[in-house]
>>> print(open('my_file-v7.cif').read())   # mmCIF, C-alpha atoms
data_start
#
loop_
_atom_site.label_atom_id
_atom_site.label_comp_id
_atom_site.auth_asym_id
_atom_site.auth_seq_id
_atom_site.Cartn_x
_atom_site.Cartn_y
_atom_site.Cartn_z
CA MET A 1 67.10 -109.24 -12.58
CA GLU A 2 66.71 -105.47 -12.82
CA TRP A 3 66.78 -103.68 -16.19
CA TRP A 4 70.18 -102.15 -15.44
CA GLN A 5 71.63 -105.57 -14.68
CA ILE A 6 70.35 -106.87 -18.02
CA ALA A 7 71.81 -103.82 -19.80
CA ILE A 8 75.22 -104.30 -18.17
CA ALA A 9 75.15 -108.02 -19.04
CA ILE A 10 74.41 -107.37 -22.74
CA ILE A 11 76.91 -104.51 -23.09
CA GLY A 12 79.57 -106.42 -21.17
CA GLY A 13 78.89 -109.46 -23.34
CA GLY A 14 79.38 -107.36 -26.47
CA ILE A 15 82.73 -106.09 -25.22
CA ALA A 16 83.76 -109.63 -24.28
CA GLY A 17 82.73 -110.86 -27.74
CA PHE A 18 84.95 -108.23 -29.33
CA ILE A 19 87.92 -109.07 -27.09
CA ASN A 20 87.50 -112.85 -27.43
CA THR A 21 87.32 -112.69 -31.22
CA LEU A 22 90.53 -110.67 -31.49
CA ALA A 23 92.45 -112.02 -28.51
CA GLY A 24 91.00 -113.76 -25.46
CA SER A 25 90.27 -113.37 -21.74
CA GLY A 26 86.87 -111.81 -22.36
CA SER A 27 85.62 -114.26 -19.74
CA ALA A 28 87.40 -112.13 -17.14
CA ILE A 29 84.69 -109.54 -17.89
CA THR A 30 81.72 -111.88 -18.17
CA LEU A 31 82.59 -113.92 -15.08
CA THR A 32 82.93 -110.69 -13.09
CA ILE A 33 79.48 -109.56 -14.29
CA LEU A 34 77.94 -112.94 -13.47
CA THR A 35 79.36 -113.04 -9.94
CA GLU A 36 79.52 -109.37 -8.89
CA ILE A 37 76.57 -107.82 -10.81
CA LEU A 38 74.19 -110.75 -11.16
CA GLY A 39 75.17 -112.43 -7.90
CA LEU A 40 75.80 -115.98 -9.09
CA PRO A 41 78.02 -118.32 -7.06
CA PRO A 42 81.36 -119.11 -8.80
CA ASN A 43 80.45 -122.62 -9.95
CA ILE A 44 77.11 -121.47 -11.43
CA ALA A 45 78.85 -118.50 -13.06
CA ASN A 46 81.45 -120.84 -14.57
CA GLY A 47 78.72 -122.97 -16.15
CA SER A 48 76.50 -120.05 -17.21
CA ASN A 49 79.46 -118.29 -18.83
CA ARG A 50 79.66 -121.08 -21.40
CA ILE A 51 76.38 -119.92 -23.00
CA GLY A 52 77.97 -116.67 -24.12
CA VAL A 53 81.23 -118.36 -25.09
CA PHE A 54 79.32 -120.72 -27.38
CA CYS A 55 77.14 -118.01 -28.96
CA GLN A 56 80.11 -115.72 -29.53
CA GLY A 57 82.03 -118.63 -31.07
CA ILE A 58 79.18 -119.33 -33.49
CA GLY A 59 79.00 -115.69 -34.58
CA SER A 60 82.76 -115.29 -34.96
CA SER A 61 83.26 -118.66 -36.67
CA TYR A 62 80.60 -117.91 -39.26
CA SER A 63 82.39 -114.68 -40.21
CA PHE A 64 85.84 -116.32 -40.28
CA ILE A 65 84.69 -119.33 -42.34
CA LYS A 66 82.85 -117.09 -44.79
CA ASN A 67 86.04 -115.05 -45.28
CA LYS A 68 88.26 -118.18 -45.55
CA LYS A 69 90.27 -117.54 -42.39
CA LEU A 70 89.45 -121.01 -41.08
CA ILE A 71 90.59 -123.91 -43.30
CA TRP A 72 89.44 -127.32 -42.07
CA SER A 73 91.96 -129.33 -44.12
CA LYS A 74 94.87 -127.52 -42.40
CA ASP A 75 93.38 -126.92 -38.96
CA ARG A 76 91.42 -130.09 -38.19
CA TRP A 77 94.09 -131.89 -36.11
CA ILE A 78 94.68 -128.81 -33.95
CA ILE A 79 90.93 -128.56 -33.39
CA MET A 80 90.55 -132.24 -32.58
CA ALA A 81 93.47 -132.35 -30.11
CA THR A 82 92.18 -129.30 -28.25
CA PHE A 83 88.62 -130.64 -28.28
CA LEU A 84 89.66 -133.95 -26.71
CA GLY A 85 91.59 -132.12 -24.00
CA ALA A 86 88.52 -130.02 -23.23
CA MET A 87 86.49 -133.17 -22.61
CA VAL A 88 88.93 -134.08 -19.84
CA GLY A 89 88.78 -130.51 -18.52
CA PHE A 90 84.99 -130.63 -18.27
CA TRP A 91 85.15 -133.75 -16.16
CA ILE A 92 87.65 -132.06 -13.83
CA ALA A 93 85.48 -128.91 -13.60
CA THR A 94 82.45 -130.88 -12.42
CA THR A 95 84.37 -132.79 -9.73
CA ILE A 96 86.71 -130.27 -8.08
CA SER A 97 86.77 -126.52 -7.35
CA ASN A 98 88.79 -124.14 -9.52
CA ALA A 99 89.29 -121.64 -6.69
CA SER A 100 92.79 -122.95 -5.88
CA PHE A 101 93.96 -122.06 -9.39
CA LYS A 102 93.20 -118.33 -9.13
CA GLU A 103 96.57 -117.29 -7.69
CA VAL A 104 98.52 -119.36 -10.21
CA PHE A 105 96.41 -117.96 -13.05
CA LYS A 106 97.26 -114.36 -12.09
CA TYR A 107 100.98 -114.89 -12.48
CA LEU A 108 100.62 -116.92 -15.66
CA MET A 109 98.87 -113.91 -17.17
CA VAL A 110 101.66 -111.57 -16.02
CA LEU A 111 104.21 -113.85 -17.69
CA MET A 112 102.11 -113.92 -20.87
CA LEU A 113 101.93 -110.11 -20.97
CA PHE A 114 105.71 -109.78 -20.80
CA THR A 115 106.09 -112.43 -23.50
CA VAL A 116 103.77 -110.56 -25.86
CA LEU A 117 105.55 -107.25 -25.19
CA ILE A 118 109.10 -108.54 -25.75
CA LYS A 119 108.83 -109.31 -29.49
CA PRO A 120 105.84 -107.45 -30.95
CA LYS A 121 107.00 -107.95 -34.56
CA ARG A 122 106.72 -111.71 -34.11
CA TRP A 123 103.02 -111.25 -33.35
CA ILE A 124 102.23 -108.55 -35.92
CA ASN A 125 104.23 -109.62 -38.97
CA VAL A 126 104.24 -113.40 -38.70
CA SER A 127 103.08 -115.15 -41.88
CA ASP A 128 101.36 -118.51 -42.06
CA ALA A 129 102.07 -119.09 -45.76
CA ASN A 130 103.20 -122.62 -46.74
CA LEU A 131 102.87 -123.96 -43.21
CA GLU A 132 104.29 -127.38 -42.47
CA ASN A 133 102.66 -129.79 -40.05
CA PRO A 134 103.71 -128.99 -36.46
CA ALA A 135 105.70 -131.51 -34.40
CA TRP A 136 103.96 -134.04 -32.13
CA TRP A 137 104.62 -131.97 -29.00
CA PHE A 138 102.53 -129.14 -30.45
CA TYR A 139 99.43 -131.35 -30.52
CA LEU A 140 100.18 -132.50 -26.96
CA LEU A 141 100.21 -128.85 -25.87
CA CYS A 142 96.91 -128.31 -27.72
CA PHE A 143 95.48 -131.21 -25.72
CA LEU A 144 96.73 -129.70 -22.44
CA ILE A 145 95.35 -126.25 -23.28
CA GLY A 146 92.06 -127.96 -24.11
CA ILE A 147 92.03 -129.44 -20.60
CA TYR A 148 92.52 -125.97 -19.16
CA GLY A 149 89.79 -124.52 -21.39
CA GLY A 150 87.32 -127.19 -20.37
CA PHE A 151 88.21 -126.71 -16.73
CA ILE A 152 88.09 -122.94 -16.25
CA GLN A 153 87.93 -121.26 -19.74
CA MET A 154 89.13 -117.81 -18.57
CA GLY A 155 92.43 -117.03 -20.30
CA MET A 156 92.32 -120.09 -22.53
CA GLY A 157 92.19 -117.93 -25.66
CA VAL A 158 95.40 -116.09 -24.77
CA PHE A 159 97.29 -119.31 -24.07
CA PHE A 160 95.98 -120.84 -27.30
CA LEU A 161 97.04 -117.82 -29.36
CA PHE A 162 100.50 -117.95 -27.82
CA LEU A 163 100.84 -121.59 -28.84
CA MET A 164 99.56 -120.98 -32.38
CA VAL A 165 101.79 -117.96 -33.07
CA MET A 166 104.96 -119.18 -31.36
CA GLY A 167 104.59 -122.92 -31.94
CA ALA A 168 102.82 -123.27 -35.30
CA LYS A 169 103.77 -119.89 -36.87
CA TYR A 170 100.16 -118.96 -37.65
CA ASN A 171 99.35 -115.27 -37.93
CA LEU A 172 97.04 -113.77 -35.30
CA ILE A 173 93.91 -113.65 -37.45
CA ARG A 174 94.17 -117.30 -38.55
CA SER A 175 95.01 -118.23 -34.96
CA ASN A 176 91.90 -116.45 -33.73
CA ALA A 177 89.76 -118.17 -36.36
CA VAL A 178 90.90 -121.61 -35.16
CA LYS A 179 90.54 -120.55 -31.52
CA VAL A 180 86.92 -119.37 -31.73
CA PHE A 181 85.87 -122.45 -33.72
CA VAL A 182 87.42 -124.99 -31.39
CA THR A 183 86.11 -123.11 -28.36
CA ALA A 184 82.57 -123.14 -29.73
CA SER A 185 82.82 -126.86 -30.62
CA TYR A 186 83.82 -128.02 -27.16
CA THR A 187 81.70 -125.48 -25.29
CA ILE A 188 78.42 -126.93 -26.55
CA VAL A 189 79.43 -130.26 -25.01
CA GLY A 190 80.52 -128.58 -21.78
CA LEU A 191 77.33 -126.55 -21.59
CA THR A 192 75.31 -129.77 -21.82
CA ILE A 193 77.33 -131.29 -18.98
CA PHE A 194 77.07 -128.19 -16.78
CA HIS A 195 73.30 -128.04 -17.39
CA TYR A 196 72.91 -131.69 -16.43
CA LYS A 197 74.82 -130.96 -13.20
CA GLY A 198 72.52 -128.01 -12.46
CA LEU A 199 75.31 -125.45 -12.89
CA VAL A 200 73.73 -123.17 -15.52
CA ASP A 201 71.55 -120.08 -15.03
CA TRP A 202 70.07 -119.70 -18.52
CA LYS A 203 68.53 -116.29 -17.89
CA ALA A 204 71.72 -114.64 -16.63
CA GLY A 205 73.95 -116.44 -19.12
CA GLY A 206 71.52 -115.77 -21.96
CA CYS A 207 71.66 -112.00 -21.45
CA ILE A 208 75.42 -112.02 -21.76
CA ALA A 209 75.21 -114.41 -24.72
CA ILE A 210 73.13 -111.89 -26.71
CA GLY A 211 75.92 -109.34 -26.45
CA GLN A 212 78.64 -111.89 -27.11
CA PHE A 213 77.02 -113.21 -30.29
CA ILE A 214 76.60 -109.71 -31.72
CA GLY A 215 80.10 -108.66 -30.69
CA GLY A 216 81.67 -111.83 -32.08
CA TYR A 217 79.87 -111.73 -35.42
CA ILE A 218 80.56 -108.04 -36.12
CA THR A 219 84.19 -108.26 -35.03
CA GLY A 220 84.89 -111.40 -37.07
CA LYS A 221 83.39 -109.84 -40.20
CA TRP A 222 85.25 -106.56 -39.71
CA ILE A 223 88.70 -107.94 -38.91
CA SER A 224 88.71 -110.61 -41.65
CA ASN A 225 89.19 -108.00 -44.37
CA HIS A 226 91.03 -105.24 -42.53
CA ALA A 227 94.40 -104.22 -43.99
CA LYS A 228 96.02 -104.01 -40.55
CA ALA A 229 94.22 -106.99 -39.03
CA ASN A 230 97.25 -108.54 -37.32
CA GLU A 231 98.34 -105.22 -35.82
CA ILE A 232 94.84 -104.56 -34.48
CA ALA A 233 94.66 -108.09 -33.05
CA TYR A 234 98.05 -107.59 -31.35
CA TYR A 235 96.93 -104.44 -29.55
CA ALA A 236 93.61 -106.08 -28.69
CA LEU A 237 95.59 -108.91 -27.11
CA LEU A 238 97.54 -106.41 -24.99
CA LEU A 239 94.26 -104.77 -23.99
CA ALA A 240 92.72 -108.13 -23.08
CA LEU A 241 95.70 -109.07 -20.93
CA SER A 242 95.68 -105.68 -19.21
CA ILE A 243 91.96 -105.87 -18.42
CA ALA A 244 92.27 -109.44 -17.15
CA LEU A 245 95.20 -108.54 -14.89
CA PHE A 246 93.42 -105.46 -13.54
CA LEU A 247 90.31 -107.48 -12.65
CA LEU A 248 92.36 -110.29 -11.15
CA PHE A 249 94.61 -108.12 -8.97
CA PHE A 250 92.32 -105.20 -8.11
#
>>> encode(input="my_file-v7.cif", output="structure tokens")
Amino acid sequence: MEWWQIAIAIIGGGIAGFINTLAGSGSAITLTILTEILGLPPNIANGSNRIGVFCQGIGSSYSFIKNKKLIWSKDRWIIMATFLGAMVGFWIATTISNASFKEVFKYLMVLMLFTVLIKPKRWINVSDANLENPAWWFYLLCFLIGIYGGFIQMGMGVFFLFLMVMGAKYNLIRSNAVKVFVTASYTIVGLTIFHYKGLVDWKAGGCIAIGQFIGGYITGKWISNHAKANEIAYYALLLALSIALFLLFF
């Protein structure tokens, strides 16, 4: 690896850590760096990308827990359902290729962008005060999104936020807190599996992980106490979707 490749990996990881903490789809950036800049094959890039996802999740989760944006007593069943789904997704990822899902993923992201744009107030002003337990189908959807996250990861954060805001009526900041924690919890398991299968480049993934940890920690600390946190997270989500769609289509 040349010095400029390392610099791009760290800076790109920092940007991805910022985007993932506020929204999702930062993996669209890191996977592009791993494949196009660092030259890893797609399956190795998919495994190596989990290093940064885990490190960013640790940094973000620490900030969110410290500022009481993640509450285990209320969020544990959502976390557990998604975690179990991810275990199934990891098994799928190590047995079949994810290349056939790329075209479908593009149009799912387009649909998600239009959904976020249609009712912005629902995303910015939603309150999670006095939440009731979601219906059984909500936990089933958490399980299915976990499968997707374990399988390919890219875009999982956006789909998870959509489910939390629209299905469980969480606000964006609380939704992000749950998202980064559950992602970190299942990623450490997935990273172990990918390493065992020989699908992790620790040097390449480690460079991106440095940036992602720093970006995740700083962003989580900053947004937890910001007066316009939900509004900022909403526009970050639009930015994340736009970047992901640009990279996917162009």
>>> residues_around(input="my_file-v7.cif", residues="A:Ile6", least_positions_apart="3", cutoff="10 Å", atoms="all atoms listed in the file", output="ChimeraX atom specification")
/A:1-3,9-12,37-38,203-204,206-208
>>> write_last_selection(input="my_file-v7.cif", atoms="C-alpha atoms", output="compact mmCIF listing (two decimals), in the coordinates of the input")
# COMPACT_ATOMS: atom_id res chain seq x y z
CA MET A 1 67.10 -109.24 -12.58
CA GLU A 2 66.71 -105.47 -12.82
CA TRP A 3 66.78 -103.68 -16.19
CA ALA A 9 75.15 -108.02 -19.04
CA ILE A 10 74.41 -107.37 -22.74
CA ILE A 11 76.91 -104.51 -23.09
CA GLY A 12 79.57 -106.42 -21.17
CA ILE A 37 76.57 -107.82 -10.81
CA LEU A 38 74.19 -110.75 -11.16
CA LYS A 203 68.53 -116.29 -17.89
CA ALA A 204 71.72 -114.64 -16.63
CA GLY A 206 71.52 -115.77 -21.96
CA CYS A 207 71.66 -112.00 -21.45
CA ILE A 208 75.42 -112.02 -21.76
>>> resolve_selection(input="my_file-v7.cif", expression="the PyMOL selection byres ((chain A and resi 141) around 10)", output="short mmCIF file (atom, residue, chain, number, x, y, z; two decimals) with C-alpha atoms, keeping the file's coordinate frame")
data_model
loop_
_atom_site.label_atom_id
_atom_site.label_comp_id
_atom_site.auth_asym_id
_atom_site.auth_seq_id
_atom_site.Cartn_x
_atom_site.Cartn_y
_atom_site.Cartn_z
CA ILE A 78 94.68 -128.81 -33.95
CA ALA A 81 93.47 -132.35 -30.11
CA THR A 82 92.18 -129.30 -28.25
CA GLY A 85 91.59 -132.12 -24.00
CA TRP A 136 103.96 -134.04 -32.13
CA TRP A 137 104.62 -131.97 -29.00
CA PHE A 138 102.53 -129.14 -30.45
CA TYR A 139 99.43 -131.35 -30.52
CA LEU A 140 100.18 -132.50 -26.96
CA CYS A 142 96.91 -128.31 -27.72
CA PHE A 143 95.48 -131.21 -25.72
CA LEU A 144 96.73 -129.70 -22.44
CA ILE A 145 95.35 -126.25 -23.28
CA GLY A 146 92.06 -127.96 -24.11
CA ILE A 147 92.03 -129.44 -20.60
CA PHE A 160 95.98 -120.84 -27.30
CA LEU A 163 100.84 -121.59 -28.84
CA GLY A 167 104.59 -122.92 -31.94
#
>>> atom_distance(input="my_file-v7.cif", atom1="atom CA of A:Ser60", atom2="atom CA of A:Gly220")
4.9 Å
>>> closest_residue(input="my_file-v7.cif", among="A:Asn176, A:Ser185, A:Gln153, A:Gln212", to="A:Lys69", atoms="only C-alpha atoms")
A:Asn176
>>> resolve_selection(input="my_file-v7.cif", expression="the PyMOL selection byres ((chain A and resi 221-238) around 8)", output="number ranges by chain")
A: 19, 22-24, 60, 63-64, 67, 69, 113, 116, 120, 123-125, 158, 171-173, 217-220, 239-242
>>> resolve_selection(input="my_file-v7.cif", expression="the PyMOL selection byres ((chain A and resi 246) around 12)", output="ChimeraX atom specification")
/A:25,28-29,32,106,109-110,239-245,247-250
>>> atom_distance(input="my_file-v7.cif", atom1="atom CA of A:Ile44", atom2="atom CA of A:Gly216")
23.2 Å
>>> closest_residue(input="my_file-v7.cif", among="A:Phe159, A:Trp72, A:Tyr170, A:Phe151", to="A:Arg50", atoms="all atoms listed in the file")
A:Phe151
>>> closest_residue(input="my_file-v7.cif", among="A:Ser175, A:Val180, A:Asn46, A:Ala168", to="A:Phe90", atoms="all atoms listed in the file")
A:Asn46
>>> atom_distance(input="my_file-v7.cif", atom1="atom CA of A:Gly155", atom2="atom CA of A:Ile71")
24.1 Å
>>> closest_residue(input="my_file-v7.cif", among="A:Met80, A:Leu111, A:Ile58, A:Leu31", to="A:Ala45", atoms="all atoms listed in the file")
A:Leu31
>>> closest_residue(input="my_file-v7.cif", among="A:Ile118, A:Ala184, A:Ile65, A:Met112", to="A:Phe162", atoms="all atoms listed in the file")
A:Met112
>>> build_atoms(input="my_file-v7.cif", residues="stretch 44-70 of chain A", atoms="N, CA and C atoms", output="PDB file, keeping the file's coordinate frame")
ATOM      1  N   ILE A  44      78.224-121.754 -10.518  1.00  0.00           N
ATOM      2  CA  ILE A  44      77.110-121.470 -11.430  1.00  0.00           C
ATOM      3  C   ILE A  44      77.545-120.476 -12.499  1.00  0.00           C
ATOM      4  N   ALA A  45      78.340-119.491 -12.092  1.00  0.00           N
ATOM      5  CA  ALA A  45      78.850-118.500 -13.060  1.00  0.00           C
ATOM      6  C   ALA A  45      79.731-119.171 -14.097  1.00  0.00           C
ATOM      7  N   ASN A  46      80.560-120.119 -13.664  1.00  0.00           N
ATOM      8  CA  ASN A  46      81.450-120.840 -14.570  1.00  0.00           C
ATOM      9  C   ASN A  46      80.658-121.596 -15.626  1.00  0.00           C
ATOM     10  N   GLY A  47      79.560-122.240 -15.204  1.00  0.00           N
ATOM     11  CA  GLY A  47      78.720-122.970 -16.150  1.00  0.00           C
ATOM     12  C   GLY A  47      77.924-122.041 -17.044  1.00  0.00           C
ATOM     13  N   SER A  48      77.329-120.995 -16.462  1.00  0.00           N
ATOM     14  CA  SER A  48      76.500-120.050 -17.210  1.00  0.00           C
ATOM     15  C   SER A  48      77.310-119.268 -18.232  1.00  0.00           C
ATOM     16  N   ASN A  49      78.576-119.031 -17.923  1.00  0.00           N
ATOM     17  CA  ASN A  49      79.460-118.290 -18.830  1.00  0.00           C
ATOM     18  C   ASN A  49      79.628-118.989 -20.168  1.00  0.00           C
ATOM     19  N   ARG A  50      79.453-120.309 -20.169  1.00  0.00           N
ATOM     20  CA  ARG A  50      79.660-121.080 -21.400  1.00  0.00           C
ATOM     21  C   ARG A  50      78.583-120.788 -22.449  1.00  0.00           C
ATOM     22  N   ILE A  51      77.419-120.276 -22.026  1.00  0.00           N
ATOM     23  CA  ILE A  51      76.380-119.920 -23.000  1.00  0.00           C
ATOM     24  C   ILE A  51      76.894-118.832 -23.937  1.00  0.00           C
ATOM     25  N   GLY A  52      77.442-117.781 -23.326  1.00  0.00           N
ATOM     26  CA  GLY A  52      77.970-116.670 -24.120  1.00  0.00           C
ATOM     27  C   GLY A  52      79.173-117.067 -24.942  1.00  0.00           C
ATOM     28  N   VAL A  53      80.042-117.899 -24.368  1.00  0.00           N
ATOM     29  CA  VAL A  53      81.230-118.360 -25.090  1.00  0.00           C
ATOM     30  C   VAL A  53      80.816-119.107 -26.353  1.00  0.00           C
ATOM     31  N   PHE A  54      79.796-119.965 -26.228  1.00  0.00           N
ATOM     32  CA  PHE A  54      79.320-120.720 -27.380  1.00  0.00           C
ATOM     33  C   PHE A  54      78.698-119.808 -28.439  1.00  0.00           C
ATOM     34  N   CYS A  55      77.815-118.900 -28.004  1.00  0.00           N
ATOM     35  CA  CYS A  55      77.140-118.010 -28.960  1.00  0.00           C
ATOM     36  C   CYS A  55      78.124-117.090 -29.663  1.00  0.00           C
ATOM     37  N   GLN A  56      79.087-116.565 -28.918  1.00  0.00           N
ATOM     38  CA  GLN A  56      80.110-115.720 -29.530  1.00  0.00           C
ATOM     39  C   GLN A  56      80.949-116.526 -30.532  1.00  0.00           C
ATOM     40  N   GLY A  57      81.259-117.772 -30.177  1.00  0.00           N
ATOM     41  CA  GLY A  57      82.030-118.630 -31.070  1.00  0.00           C
ATOM     42  C   GLY A  57      81.301-118.908 -32.369  1.00  0.00           C
ATOM     43  N   ILE A  58      79.982-119.096 -32.285  1.00  0.00           N
ATOM     44  CA  ILE A  58      79.180-119.330 -33.490  1.00  0.00           C
ATOM     45  C   ILE A  58      79.212-118.093 -34.396  1.00  0.00           C
ATOM     46  N   GLY A  59      78.997-116.919 -33.795  1.00  0.00           N
ATOM     47  CA  GLY A  59      79.000-115.690 -34.580  1.00  0.00           C
ATOM     48  C   GLY A  59      80.346-115.409 -35.221  1.00  0.00           C
ATOM     49  N   SER A  60      81.417-115.542 -34.447  1.00  0.00           N
ATOM     50  CA  SER A  60      82.760-115.290 -34.960  1.00  0.00           C
ATOM     51  C   SER A  60      83.153-116.314 -36.017  1.00  0.00           C
ATOM     52  N   SER A  61      82.881-117.594 -35.738  1.00  0.00           N
ATOM     53  CA  SER A  61      83.260-118.660 -36.670  1.00  0.00           C
ATOM     54  C   SER A  61      82.579-118.500 -38.017  1.00  0.00           C
ATOM     55  N   TYR A  62      81.316-118.118 -37.998  1.00  0.00           N
ATOM     56  CA  TYR A  62      80.600-117.910 -39.260  1.00  0.00           C
ATOM     57  C   TYR A  62      81.305-116.856 -40.113  1.00  0.00           C
ATOM     58  N   SER A  63      81.703-115.751 -39.471  1.00  0.00           N
ATOM     59  CA  SER A  63      82.390-114.680 -40.210  1.00  0.00           C
ATOM     60  C   SER A  63      83.744-115.149 -40.722  1.00  0.00           C
ATOM     61  N   PHE A  64      84.497-115.871 -39.882  1.00  0.00           N
ATOM     62  CA  PHE A  64      85.840-116.320 -40.280  1.00  0.00           C
ATOM     63  C   PHE A  64      85.772-117.375 -41.394  1.00  0.00           C
ATOM     64  N   ILE A  65      84.828-118.304 -41.304  1.00  0.00           N
ATOM     65  CA  ILE A  65      84.690-119.330 -42.340  1.00  0.00           C
ATOM     66  C   ILE A  65      84.268-118.696 -43.667  1.00  0.00           C
ATOM     67  N   LYS A  66      83.332-117.765 -43.593  1.00  0.00           N
ATOM     68  CA  LYS A  66      82.850-117.090 -44.790  1.00  0.00           C
ATOM     69  C   LYS A  66      83.975-116.336 -45.498  1.00  0.00           C
ATOM     70  N   ASN A  67      84.924-115.811 -44.715  1.00  0.00           N
ATOM     71  CA  ASN A  67      86.040-115.050 -45.280  1.00  0.00           C
ATOM     72  C   ASN A  67      87.319-115.890 -45.411  1.00  0.00           C
ATOM     73  N   LYS A  68      87.180-117.228 -45.306  1.00  0.00           N
ATOM     74  CA  LYS A  68      88.260-118.180 -45.550  1.00  0.00           C
ATOM     75  C   LYS A  68      89.474-117.968 -44.636  1.00  0.00           C
ATOM     76  N   LYS A  69      89.208-117.638 -43.378  1.00  0.00           N
ATOM     77  CA  LYS A  69      90.270-117.540 -42.390  1.00  0.00           C
ATOM     78  C   LYS A  69      90.407-118.834 -41.577  1.00  0.00           C
ATOM     79  N   LEU A  70      89.410-119.695 -41.712  1.00  0.00           N
ATOM     80  CA  LEU A  70      89.450-121.010 -41.080  1.00  0.00           C
ATOM     81  C   LEU A  70      89.417-122.050 -42.192  1.00  0.00           C
TER      82      LEU A  70
END
